[in-house]
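Trainee: Quick one: the structure is below, questions incoming.
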Amino acid sequence: MELVIGGAYQGKTDYILNLYNLSLDDVADGYLSDNKKVIIGLERIIYTMLKENNNPIDEIEKFLLNNDDKIIICTEIGGGLVPIDKFDRDYRDMVGKVTSIIAKKSNKIHRVWCGIGEIIKDV
């Protein structure tokens, strides 16, 4: 499994598609898919799960059990001001928790900034 992190609109998806010679046909945008190589929008997936009162940690861990070959892309949302709204704070915290779980299980982690990827973990 690989994790790709970076800010919004920093070229994370293009970086991975070019690096591995993939196309948009290989991408699940905003949902978990057993049939796609790349999952983008982890932060949006977590938001939807929380809105539906599902536990993102349980759901993501179940998905990863049978999908350890995925490339998961997540936009960093933890920087900046702490949200006033409790749901927004809980959401931001949950994205950090889930991303940390995925990072521990990942063989490789890429951080992308301005379209330039840096490998920060390679086991």
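Residues are named by chain letter and number: chains run A, B, ... in the order of the structure tokens, numbers start at 1 in each chain, and ligands are numbered from 1 in the order shown.
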Report as a list in words: the residues of chain A with a DSSP assignment of strand (DSSP E), based on the backbone of this structure.
Mentor: Glu2, Leu3, Val4, Ile5, Gly6, Val27, Ala28, Asp29, Val38, Ile39, Ile40, Ile71, Ile72, Ile73, Cys74, Thr75, Lys108, Ile109, His110, Arg111, Val112, Trp113, Ile116, Gly117, Glu118, Ile119, Ile120, Lys121 and Asp122 of chain A
Trainee: Write out as an NGL selection string which residues come within 10 Å of A:Gly79 when counting only C-alpha atoms, dropping same-chain ones fewer than 3 positions away.
Mentor: :A and (7 or 76 or 82 or 92)
Trainee: Counting only C-alpha atoms, give me one row per residue of stretch 9-37 of chain A with an atom at most 10 Å from an atom of stretch 51-75 of chain A, showing the shortest contact pair and its distance in Å to one decimal, sorted by chain then residue number, as CSV.
Mentor:
residue,atom,partner,partner_atom,distance
A:Tyr9,CA,A:Thr75,CA,8.6
A:Gln10,CA,A:Thr75,CA,9.0
A:Lys12,CA,A:Ile73,CA,7.2
A:Thr13,CA,A:Ile73,CA,7.4
A:Ile16,CA,A:Ile71,CA,8.5
A:Val27,CA,A:Ile71,CA,9.4
A:Ala28,CA,A:Ile72,CA,9.7
A:Asp29,CA,A:Ile73,CA,9.6
A:Gly30,CA,A:Ile73,CA,9.9
A:Leu32,CA,A:Phe63,CA,7.7
A:Ser33,CA,A:Phe63,CA,8.7
A:Asp34,CA,A:Asn67,CA,6.7
A:Asn35,CA,A:Asn67,CA,9.4
A:Lys36,CA,A:Lys70,CA,7.9
A:Lys37,CA,A:Lys70,CA,5.2
Trainee: What gap, in Å, lies between atom CA of A:Val4 and atom CA of A:Val98?
Mentor: 13.2 Å
Trainee: Using only C-alpha atoms, determine which residues lie at most 6 Å from A:Glu2, disregarding the query and same-chain residues fewer than 4 positions distant; provide the list as a PyMOL selection string.
Mentor: chain A and resi 71+106-109
Trainee: Tell me, in Å to one decimal, how far atom CA of A:Leu22 is from atom CA of A:Leu3.
Mentor: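 Here the two named atoms are 15.9 Å from each other.
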Trainee: Please extract the residues of stretch 1-114 of chain A with a backbone DSSP assignment of helix (DSSP H, G or I) and present them as a PyMOL selection string.
Mentor: chain A and resi 12-19+24-26+42-51+56-65+86-105
Trainee: Here is a test: counting only C-alpha atoms, which residue of A:Ile119, A:Cys114, A:Leu42, A:Val95 is nearest to A:Asp14?
Mentor: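 Looking at the shortest contact to A:Asp14, the residue is A:Cys114.
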Trainee: Restricting the calculation to only C-alpha atoms: of A:Ile77, A:Val112, A:Ile45, A:Leu24, which residue gets closest to A:Gly11?
Mentor: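 Of A:Ile77, A:Val112, A:Ile45, A:Leu24, the one nearest A:Gly11 is A:Val112, counting only C-alpha atoms.
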Trainee: Would you pick out the contacts of A:Asp93 at 8 Å or less, using only C-alpha atoms, so that residues sharing its chain but fewer than 4 positions from it are not included, and give the list as a PyMOL selection string?
Mentor: chain A and resi 78+89+97
Trainee: Take the residues just selected and output them with N, CA, C and O atoms as a PDB file, in the first residue's frame.
Mentor:
ATOM      1  N   GLY A  78      -5.183  19.331   8.248  1.00  0.00           N
ATOM      2  CA  GLY A  78      -4.911  19.600   9.654  1.00  0.00           C
ATOM      3  C   GLY A  78      -4.229  20.915   9.938  1.00  0.00           C
ATOM      4  O   GLY A  78      -4.124  21.315  11.088  1.00  0.00           O
ATOM      5  N   ARG A  89     -14.192  19.928  13.953  1.00  0.00           N
ATOM      6  CA  ARG A  89     -13.002  19.535  14.725  1.00  0.00           C
ATOM      7  C   ARG A  89     -12.862  18.020  14.755  1.00  0.00           C
ATOM      8  O   ARG A  89     -11.770  17.484  14.549  1.00  0.00           O
ATOM      9  N   LYS A  97      -6.263  10.754  12.322  1.00  0.00           N
ATOM     10  CA  LYS A  97      -6.173   9.406  12.883  1.00  0.00           C
ATOM     11  C   LYS A  97      -6.145   8.341  11.790  1.00  0.00           C
ATOM     12  O   LYS A  97      -5.320   7.425  11.814  1.00  0.00           O
TER      13      LYS A  97
END
Trainee: Let me make sure I understand: among A:Ile116, A:Asp90, A:Gly6, A:Met1, which one has the smallest atom-to-atom distance to A:Lys104 if we use only C-alpha atoms?
Mentor: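 The shortest atom-to-atom distance to A:Lys104 comes from A:Met1.
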Trainee: Which value, in Å to one decimal, gives the distance between atom CA of A:Tyr20 and atom CA of A:Ala8?
Mentor: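 Computed distance, atom CA of A:Tyr20 to atom CA of A:Ala8, equals 21.0 Å.
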